[in-house]
file input08.txt (compact mmCIF, N, CA and C atoms)
# COMPACT_ATOMS: atom_id res chain seq x y z
N MET A 103 105.23 62.06 239.22
CA MET A 103 104.19 61.94 240.22
C MET A 103 103.81 63.35 240.65
N SER A 104 102.51 63.64 240.64
CA SER A 104 102.05 64.97 241.00
C SER A 104 102.01 65.16 242.51
N LEU A 105 101.93 66.41 242.92
CA LEU A 105 101.85 66.73 244.34
C LEU A 105 100.58 66.13 244.94
N ARG A 106 99.49 66.14 244.20
CA ARG A 106 98.23 65.58 244.69
C ARG A 106 98.35 64.08 244.93
N GLN A 107 99.05 63.35 244.05
CA GLN A 107 99.21 61.90 244.23
C GLN A 107 99.99 61.58 245.51
N VAL A 108 100.86 62.46 245.92
CA VAL A 108 101.64 62.24 247.14
C VAL A 108 100.88 62.77 248.36
N ALA A 109 100.27 63.94 248.25
CA ALA A 109 99.65 64.61 249.40
C ALA A 109 98.42 63.87 249.91
N VAL A 110 97.57 63.35 249.06
CA VAL A 110 96.33 62.71 249.50
C VAL A 110 96.61 61.51 250.40
N PRO A 111 97.46 60.54 250.01
CA PRO A 111 97.72 59.42 250.92
C PRO A 111 98.40 59.85 252.22
N VAL A 112 99.30 60.83 252.16
CA VAL A 112 100.00 61.28 253.37
C VAL A 112 99.03 61.94 254.33
N VAL A 113 98.17 62.83 253.84
CA VAL A 113 97.20 63.50 254.71
C VAL A 113 96.21 62.47 255.27
N GLY A 114 95.77 61.54 254.45
CA GLY A 114 94.85 60.49 254.92
C GLY A 114 95.47 59.65 256.03
N ALA A 115 96.72 59.27 255.85
CA ALA A 115 97.40 58.48 256.88
C ALA A 115 97.58 59.28 258.15
N ALA A 116 97.89 60.55 258.04
CA ALA A 116 98.06 61.39 259.22
C ALA A 116 96.75 61.52 259.99
N LEU A 117 95.64 61.72 259.28
CA LEU A 117 94.35 61.81 259.94
C LEU A 117 93.99 60.50 260.63
N LEU A 118 94.25 59.39 259.99
CA LEU A 118 93.96 58.08 260.57
C LEU A 118 94.78 57.86 261.84
N LEU A 119 96.06 58.15 261.79
CA LEU A 119 96.93 57.95 262.95
C LEU A 119 96.58 58.90 264.08
N SER A 120 96.19 60.12 263.76
CA SER A 120 95.88 61.08 264.82
C SER A 120 94.57 60.77 265.50
N SER A 121 93.67 59.99 264.86
CA SER A 121 92.39 59.67 265.48
C SER A 121 92.41 58.37 266.26
N ALA A 122 93.44 57.55 266.11
CA ALA A 122 93.52 56.28 266.82
C ALA A 122 94.20 56.47 268.16
N PRO A 123 93.58 55.96 269.26
CA PRO A 123 94.24 56.12 270.56
C PRO A 123 95.44 55.21 270.69
N ALA A 124 96.53 55.72 271.21
CA ALA A 124 97.71 54.89 271.46
C ALA A 124 97.49 54.09 272.74
N ALA A 125 98.15 52.95 272.85
CA ALA A 125 98.05 52.15 274.07
C ALA A 125 98.49 53.00 275.24
N GLY A 126 97.65 53.03 276.27
CA GLY A 126 97.97 53.82 277.45
C GLY A 126 97.53 55.27 277.33
N ALA A 127 97.11 55.69 276.12
CA ALA A 127 96.69 57.08 275.95
C ALA A 127 95.26 57.25 276.43
N LEU A 128 94.97 58.43 276.93
CA LEU A 128 93.62 58.75 277.39
C LEU A 128 92.97 59.67 276.38
N SER A 129 91.72 59.39 276.04
CA SER A 129 91.04 60.25 275.09
C SER A 129 90.42 61.45 275.79
N ARG A 130 90.25 61.42 277.11
CA ARG A 130 89.78 62.54 277.91
C ARG A 130 90.68 62.64 279.13
N SER A 131 90.97 63.84 279.54
CA SER A 131 91.91 64.00 280.65
C SER A 131 91.34 63.45 281.95
N SER A 132 90.01 63.38 282.10
CA SER A 132 89.42 62.89 283.35
C SER A 132 89.18 61.38 283.33
N ASP A 133 89.44 60.70 282.23
CA ASP A 133 89.20 59.27 282.12
C ASP A 133 90.49 58.50 282.32
N GLU A 134 90.43 57.43 283.14
CA GLU A 134 91.60 56.60 283.33
C GLU A 134 91.17 55.20 283.75
N VAL A 135 92.05 54.24 283.46
CA VAL A 135 91.82 52.85 283.87
C VAL A 135 93.16 52.30 284.32
N THR A 136 93.14 51.49 285.38
CA THR A 136 94.35 50.83 285.86
C THR A 136 94.10 49.34 285.95
N VAL A 137 95.19 48.58 286.03
CA VAL A 137 95.13 47.12 286.19
C VAL A 137 95.97 46.75 287.39
N ASP A 138 95.41 45.95 288.31
CA ASP A 138 96.19 45.48 289.45
C ASP A 138 97.30 44.56 288.95
N PRO A 139 98.47 44.57 289.61
CA PRO A 139 99.62 43.80 289.13
C PRO A 139 99.47 42.28 289.31
N THR A 140 98.43 41.84 290.03
CA THR A 140 98.23 40.41 290.25
C THR A 140 96.83 40.01 289.81
N GLY A 141 96.74 38.92 289.05
CA GLY A 141 95.47 38.30 288.70
C GLY A 141 95.39 36.97 289.43
N TYR A 142 94.19 36.44 289.62
CA TYR A 142 94.03 35.22 290.42
C TYR A 142 93.37 34.11 289.62
N LEU A 143 93.91 32.89 289.80
CA LEU A 143 93.39 31.69 289.16
C LEU A 143 92.81 30.78 290.24
N ALA A 144 91.52 30.47 290.15
CA ALA A 144 90.87 29.56 291.09
C ALA A 144 91.04 28.13 290.58
N PRO A 145 90.89 27.13 291.46
CA PRO A 145 91.03 25.72 291.06
C PRO A 145 90.07 25.30 289.94
N ASP A 146 88.90 25.94 289.83
CA ASP A 146 87.95 25.58 288.78
C ASP A 146 88.26 26.23 287.44
N GLY A 147 89.38 26.98 287.34
CA GLY A 147 89.77 27.62 286.09
C GLY A 147 89.29 29.05 285.96
N THR A 148 88.66 29.60 287.01
CA THR A 148 88.19 30.98 286.95
C THR A 148 89.36 31.95 287.12
N LEU A 149 89.50 32.84 286.15
CA LEU A 149 90.51 33.88 286.16
C LEU A 149 89.83 35.18 286.60
N THR A 150 90.42 35.88 287.55
CA THR A 150 89.87 37.16 288.00
C THR A 150 90.92 38.25 287.85
N LEU A 151 90.54 39.30 287.14
CA LEU A 151 91.39 40.48 286.94
C LEU A 151 90.68 41.67 287.58
N SER A 152 91.45 42.67 288.01
CA SER A 152 90.83 43.81 288.66
C SER A 152 91.70 45.05 288.48
N GLY A 153 91.15 46.17 288.90
CA GLY A 153 91.85 47.45 288.83
C GLY A 153 90.91 48.56 289.23
N THR A 154 91.21 49.76 288.76
CA THR A 154 90.36 50.91 289.04
C THR A 154 90.04 51.64 287.74
N TYR A 155 89.03 52.49 287.80
CA TYR A 155 88.70 53.35 286.67
C TYR A 155 88.11 54.64 287.21
N ARG A 156 88.16 55.67 286.37
CA ARG A 156 87.51 56.93 286.67
C ARG A 156 87.07 57.53 285.35
N CYS A 157 85.84 57.99 285.30
CA CYS A 157 85.34 58.68 284.11
C CYS A 157 84.28 59.69 284.56
N ALA A 158 84.10 60.71 283.76
CA ALA A 158 83.12 61.74 284.09
C ALA A 158 82.29 62.04 282.85
N GLY A 159 80.99 62.13 283.05
CA GLY A 159 80.09 62.50 281.97
C GLY A 159 80.15 61.56 280.79
N GLY A 160 79.65 62.01 279.68
CA GLY A 160 79.63 61.21 278.47
C GLY A 160 78.51 61.69 277.58
N THR A 161 78.25 60.94 276.55
CA THR A 161 77.21 61.33 275.60
C THR A 161 75.90 60.63 275.87
N GLY A 162 75.81 59.96 277.00
CA GLY A 162 74.55 59.31 277.36
C GLY A 162 74.53 57.82 277.13
N GLY A 163 75.50 57.29 276.41
CA GLY A 163 75.56 55.85 276.19
C GLY A 163 76.23 55.15 277.35
N PRO A 164 76.02 53.84 277.49
CA PRO A 164 76.66 53.11 278.58
C PRO A 164 78.17 53.03 278.38
N VAL A 165 78.89 52.98 279.50
CA VAL A 165 80.35 52.87 279.51
C VAL A 165 80.71 51.58 280.21
N PHE A 166 81.64 50.83 279.64
CA PHE A 166 82.06 49.55 280.19
C PHE A 166 83.56 49.52 280.42
N VAL A 167 83.98 48.75 281.43
CA VAL A 167 85.38 48.42 281.62
C VAL A 167 85.53 46.99 281.15
N SER A 168 86.25 46.79 280.06
CA SER A 168 86.48 45.45 279.54
C SER A 168 87.96 45.10 279.73
N SER A 169 88.23 43.81 279.74
CA SER A 169 89.62 43.38 279.89
C SER A 169 89.87 42.17 279.02
N SER A 170 91.13 42.02 278.64
CA SER A 170 91.55 40.84 277.88
C SER A 170 92.93 40.43 278.37
N ILE A 171 93.26 39.17 278.12
CA ILE A 171 94.53 38.64 278.61
C ILE A 171 95.23 37.87 277.52
N SER A 172 96.54 37.91 277.57
CA SER A 172 97.39 37.14 276.67
C SER A 172 98.45 36.47 277.53
N GLN A 173 98.64 35.19 277.30
CA GLN A 173 99.69 34.47 278.04
C GLN A 173 100.37 33.54 277.07
N GLY A 174 101.68 33.67 276.96
CA GLY A 174 102.42 32.86 275.98
C GLY A 174 102.47 33.58 274.65
N ASP A 175 101.58 33.23 273.74
CA ASP A 175 101.53 33.85 272.41
C ASP A 175 100.86 35.22 272.51
N HIS A 176 101.62 36.29 272.36
CA HIS A 176 101.10 37.64 272.53
C HIS A 176 100.09 38.02 271.45
N ARG A 177 100.03 37.25 270.38
CA ARG A 177 99.07 37.55 269.30
C ARG A 177 97.68 37.05 269.63
N VAL A 178 97.55 36.19 270.65
CA VAL A 178 96.25 35.61 271.01
C VAL A 178 95.78 36.23 272.32
N GLN A 179 94.64 36.92 272.25
CA GLN A 179 94.05 37.53 273.45
C GLN A 179 92.68 36.92 273.68
N HIS A 180 92.32 36.77 274.96
CA HIS A 180 91.01 36.26 275.34
C HIS A 180 90.32 37.34 276.18
N GLY A 181 89.06 37.61 275.86
CA GLY A 181 88.28 38.56 276.64
C GLY A 181 88.00 37.99 278.02
N VAL A 182 88.04 38.86 279.01
CA VAL A 182 87.76 38.46 280.39
C VAL A 182 86.70 39.40 280.93
N GLY A 183 85.45 39.09 280.67
CA GLY A 183 84.32 39.82 281.24
C GLY A 183 84.25 41.28 280.90
N GLY A 184 83.28 41.93 281.52
CA GLY A 184 83.05 43.35 281.36
C GLY A 184 82.23 43.87 282.52
N THR A 185 82.48 45.11 282.91
CA THR A 185 81.81 45.73 284.04
C THR A 185 81.19 47.04 283.58
N LEU A 186 79.94 47.28 283.95
CA LEU A 186 79.30 48.55 283.66
C LEU A 186 79.92 49.62 284.55
N ALA A 187 80.37 50.71 283.95
CA ALA A 187 81.04 51.78 284.69
C ALA A 187 80.05 52.84 285.14
N VAL A 188 80.36 53.48 286.26
CA VAL A 188 79.63 54.64 286.76
C VAL A 188 80.52 55.85 286.52
N CYS A 189 80.10 56.73 285.63
CA CYS A 189 80.94 57.88 285.25
C CYS A 189 80.53 59.12 286.04
N ASP A 190 81.03 59.19 287.27
CA ASP A 190 80.71 60.31 288.15
C ASP A 190 81.95 61.07 288.59
N GLY A 191 83.10 60.81 287.96
CA GLY A 191 84.34 61.50 288.28
C GLY A 191 85.08 60.94 289.48
N ILE A 192 84.54 59.89 290.10
CA ILE A 192 85.15 59.29 291.28
C ILE A 192 85.86 57.99 290.86
N VAL A 193 86.95 57.65 291.54
CA VAL A 193 87.66 56.40 291.26
C VAL A 193 86.84 55.23 291.81
N HIS A 194 86.62 54.23 290.96
CA HIS A 194 85.87 53.01 291.33
C HIS A 194 86.74 51.79 291.05
N ARG A 195 86.46 50.69 291.73
CA ARG A 195 87.12 49.41 291.46
C ARG A 195 86.33 48.66 290.40
N TRP A 196 87.04 47.89 289.57
CA TRP A 196 86.40 46.96 288.62
C TRP A 196 86.99 45.58 288.85
N THR A 197 86.18 44.56 288.61
CA THR A 197 86.62 43.17 288.68
C THR A 197 85.93 42.42 287.56
N ASN A 198 86.70 41.73 286.74
CA ASN A 198 86.16 40.90 285.66
C ASN A 198 86.66 39.48 285.82
N SER A 199 85.78 38.52 285.56
CA SER A 199 86.14 37.10 285.70
C SER A 199 85.69 36.31 284.48
N GLU A 200 86.39 35.23 284.23
CA GLU A 200 86.09 34.31 283.11
C GLU A 200 86.56 32.93 283.52
N THR A 201 85.75 31.91 283.24
CA THR A 201 86.14 30.54 283.57
C THR A 201 86.50 29.79 282.30
N ARG A 202 87.74 29.33 282.24
CA ARG A 202 88.25 28.50 281.14
C ARG A 202 89.25 27.53 281.74
N ARG A 203 88.78 26.38 282.11
CA ARG A 203 89.63 25.38 282.76
C ARG A 203 90.83 25.05 281.89
N GLY A 204 92.03 25.18 282.48
CA GLY A 204 93.27 24.82 281.80
C GLY A 204 93.79 25.83 280.80
N ALA A 205 93.10 26.97 280.63
CA ALA A 205 93.54 27.95 279.64
C ALA A 205 94.71 28.80 280.13
N TYR A 206 94.82 28.98 281.44
CA TYR A 206 95.84 29.85 282.00
C TYR A 206 96.64 29.12 283.06
N THR A 207 97.87 29.55 283.27
CA THR A 207 98.73 28.96 284.29
C THR A 207 99.32 30.08 285.14
N PRO A 208 99.67 29.78 286.38
CA PRO A 208 100.32 30.81 287.19
C PRO A 208 101.59 31.31 286.50
N GLY A 209 101.84 32.60 286.62
CA GLY A 209 103.02 33.20 286.00
C GLY A 209 102.68 34.48 285.28
N PRO A 210 103.62 34.98 284.47
CA PRO A 210 103.42 36.26 283.79
C PRO A 210 102.36 36.19 282.69
N ALA A 211 101.68 37.32 282.52
CA ALA A 211 100.68 37.47 281.47
C ALA A 211 100.58 38.96 281.14
N GLN A 212 99.93 39.27 280.04
CA GLN A 212 99.72 40.64 279.64
C GLN A 212 98.21 40.90 279.63
N VAL A 213 97.81 42.00 280.26
CA VAL A 213 96.39 42.36 280.36
C VAL A 213 96.19 43.72 279.70
N GLU A 214 95.07 43.83 278.99
CA GLU A 214 94.65 45.12 278.45
C GLU A 214 93.29 45.45 279.04
N ALA A 215 93.16 46.62 279.63
CA ALA A 215 91.88 47.11 280.15
C ALA A 215 91.46 48.31 279.32
N THR A 216 90.17 48.37 279.01
CA THR A 216 89.65 49.42 278.15
C THR A 216 88.38 50.01 278.75
N LEU A 217 88.30 51.30 278.78
CA LEU A 217 87.09 52.02 279.18
C LEU A 217 86.43 52.46 277.88
N THR A 218 85.28 51.85 277.56
CA THR A 218 84.63 52.05 276.27
C THR A 218 83.21 52.55 276.44
N GLU A 219 82.87 53.59 275.70
CA GLU A 219 81.51 54.12 275.70
C GLU A 219 80.82 53.71 274.40
N LEU A 220 79.59 53.24 274.52
CA LEU A 220 78.78 52.93 273.34
C LEU A 220 77.84 54.10 273.11
N ASN A 221 77.91 54.70 271.92
CA ASN A 221 77.03 55.83 271.65
C ASN A 221 76.60 55.84 270.20
N GLY A 222 75.64 56.67 269.92
CA GLY A 222 75.11 56.79 268.57
C GLY A 222 73.70 56.25 268.51
N SER A 223 72.95 56.72 267.56
CA SER A 223 71.59 56.21 267.38
C SER A 223 71.64 55.07 266.37
N GLY A 224 70.72 54.14 266.50
CA GLY A 224 70.74 52.95 265.65
C GLY A 224 71.77 51.98 266.17
N LEU A 225 72.76 51.67 265.37
CA LEU A 225 73.83 50.77 265.78
C LEU A 225 74.80 51.53 266.68
N PRO A 226 74.91 51.13 267.97
CA PRO A 226 75.83 51.85 268.84
C PRO A 226 77.28 51.61 268.43
N LEU A 227 78.06 52.67 268.42
CA LEU A 227 79.46 52.59 268.04
C LEU A 227 80.34 52.79 269.27
N PRO A 228 81.44 52.02 269.37
CA PRO A 228 82.31 52.18 270.53
C PRO A 228 83.20 53.42 270.41
N ARG A 229 83.40 54.07 271.54
CA ARG A 229 84.34 55.19 271.63
C ARG A 229 85.26 54.87 272.80
N PHE A 230 86.53 54.69 272.51
CA PHE A 230 87.50 54.31 273.54
C PHE A 230 87.88 55.55 274.34
N ARG A 231 87.62 55.49 275.63
CA ARG A 231 87.89 56.62 276.50
C ARG A 231 89.22 56.48 277.22
N ALA A 232 89.66 55.25 277.48
CA ALA A 232 90.96 55.02 278.12
C ALA A 232 91.38 53.58 277.84
N VAL A 233 92.67 53.37 277.61
CA VAL A 233 93.21 52.03 277.34
C VAL A 233 94.53 51.90 278.09
N LEU A 234 94.75 50.73 278.69
CA LEU A 234 96.02 50.47 279.36
C LEU A 234 96.43 49.03 279.14
N GLN A 235 97.67 48.82 278.75
CA GLN A 235 98.25 47.48 278.64
C GLN A 235 99.28 47.34 279.74
N GLN A 236 99.22 46.20 280.46
CA GLN A 236 100.12 46.03 281.59
C GLN A 236 100.47 44.56 281.79
N ASP A 237 101.72 44.32 282.18
CA ASP A 237 102.13 42.99 282.57
C ASP A 237 101.59 42.70 283.97
N VAL A 238 101.10 41.48 284.18
CA VAL A 238 100.60 41.06 285.47
C VAL A 238 101.18 39.69 285.82
N ASN A 239 101.03 39.31 287.05
CA ASN A 239 101.43 37.97 287.48
C ASN A 239 100.16 37.23 287.91
N LEU A 240 99.92 36.07 287.30
CA LEU A 240 98.77 35.25 287.68
C LEU A 240 99.18 34.36 288.84
N THR A 241 98.37 34.36 289.89
CA THR A 241 98.66 33.61 291.10
C THR A 241 97.53 32.62 291.38
N ALA A 242 97.89 31.39 291.74
CA ALA A 242 96.89 30.38 292.09
C ALA A 242 96.20 30.80 293.39
N LYS A 243 94.88 30.66 293.42
CA LYS A 243 94.09 31.04 294.58
C LYS A 243 93.32 29.84 295.07
N GLY A 244 93.30 29.64 296.38
CA GLY A 244 92.49 28.58 296.97
C GLY A 244 93.14 27.27 296.88

call {"tool": "encode", "arguments": {"input": "input08.txt", "output": "structure tokens"}}
result
Amino acid sequence: MSLRQVAVPVVGAALLLSSAPAAGALSRSSDEVTVDPTGYLAPDGTLTLSGTYRCAGGTGGPVFVSSSISQGDHRVQHGVGGTLAVCDGIVHRWTNSETRRGAYTPGPAQVEATLTELNGSGLPLPRFRAVLQQDVNLTAKG
């Protein structure tokens, strides 16, 4: 096996791994997202998640705070809304809600919040600015 046959896949894998954000990693030092430790379930099946975010500047594309939840089977995640972010360097609150009657129960769950910028001409491409995975407790409300 030649050096080239070994080096090309190794360098390619290193470049791929170095460009992917790790869970909880921030792609910019001024960007951050948090998740509140409690989510709320309304009697009609509405799930509400919340937290904070901070971002500054960008490339001109819109920035969103999205969230997803997993309860029980960690391989299955459901999106829970999205909030348009204001990137002015100040900490803001976000709240996302989704109604799915009977999909969630009070108790532990895992939430992922992502601060994502859409940029590029033509087809907008996502650029992840901050990602956080956190355990939360879902509480019945009302």

call {"tool": "closest_residue", "arguments": {"input": "input08.txt", "among": "A:Thr207, A:Gln212, A:Ser168, A:Thr154", "to": "Gln236 of chain A", "atoms": "only C-alpha atoms"}}
result
A:Gln212

call {"tool": "residues_around", "arguments": {"input": "input08.txt", "residues": "Gln179 of chain A", "least_positions_apart": "5", "cutoff": "6 Å", "atoms": "all atoms listed in the file", "output": "count of residues only"}}
result
3

call {"tool": "atom_distance", "arguments": {"input": "input08.txt", "atom1": "atom CA of Pro139 of chain A", "atom2": "atom C of Asn239 of chain A"}}
result
6.7 Å

call {"tool": "residues_near_point", "arguments": {"input": "input08.txt", "point": "(89.4, 50.0, 281.9)", "cutoff": "7 Å", "atoms": "only N, CA and C atoms", "output": "PyMOL selection string"}}
result
chain A and resi 134-136+154-155+166-169+214-218+232-234

call {"tool": "closest_residue", "arguments": {"input": "input08.txt", "among": "A:Lys243, A:Ser199, A:Asp237, A:Val165", "to": "Thr140 of chain A", "atoms": "only N, CA and C atoms"}}
result
A:Asp237

call {"tool": "closest_residue", "arguments": {"input": "input08.txt", "among": "A:Arg231, A:Leu151, A:Asp146, A:Val182", "to": "Asp133 of chain A", "atoms": "only N, CA and C atoms"}}
result
A:Arg231

call {"tool": "atom_distance", "arguments": {"input": "input08.txt", "atom1": "atom CA of Gly191 of chain A", "atom2": "atom CA of Gly141 of chain A"}}
result
25.7 Å

call {"tool": "select_by_dssp", "arguments": {"input": "input08.txt", "residues": "segment 151-235 of chain A", "states": "strand (DSSP E)", "output": "JSON, numbers by chain"}}
result
{"A": [151, 152, 153, 154, 155, 156, 165, 166, 167, 168, 169, 170, 171, 172, 180, 181, 182, 183, 184, 185, 186, 194, 195, 196, 197, 198, 199, 200, 201, 209, 210, 211, 212, 213, 214, 215, 216, 217, 218, 219, 220, 221, 227, 228, 229, 230, 231, 232, 233, 234, 235]}

call {"tool": "atom_distance", "arguments": {"input": "input08.txt", "atom1": "atom C of His176 of chain A", "atom2": "atom N of Gln235 of chain A"}}
result
13.3 Å

call {"tool": "select_by_dssp", "arguments": {"input": "input08.txt", "residues": "segment 116-236 of chain A", "states": "alpha helix (DSSP H)", "output": "count of residues only"}}
result
6

call {"tool": "closest_residue", "arguments": {"input": "input08.txt", "among": "A:Leu225, A:Leu149, A:Ala211, A:Val238", "to": "Gly174 of chain A", "atoms": "only N, CA and C atoms"}}
result
A:Ala211

call {"tool": "closest_residue", "arguments": {"input": "input08.txt", "among": "A:Gly224, A:Pro210, A:Gly153, A:Gly181", "to": "Arg195 of chain A", "atoms": "only C-alpha atoms"}}
result
A:Gly153

call {"tool": "residues_around", "arguments": {"input": "input08.txt", "residues": "Pro208 of chain A", "least_positions_apart": "6", "cutoff": "8 Å", "atoms": "only C-alpha atoms", "output": "PyMOL selection string"}}
result
chain A and resi 143+239-242

call {"tool": "closest_residue", "arguments": {"input": "input08.txt", "among": "A:Ser152, A:Thr197, A:Ala205, A:Ser223", "to": "Thr185 of chain A", "atoms": "only N, CA and C atoms"}}
result
A:Thr197
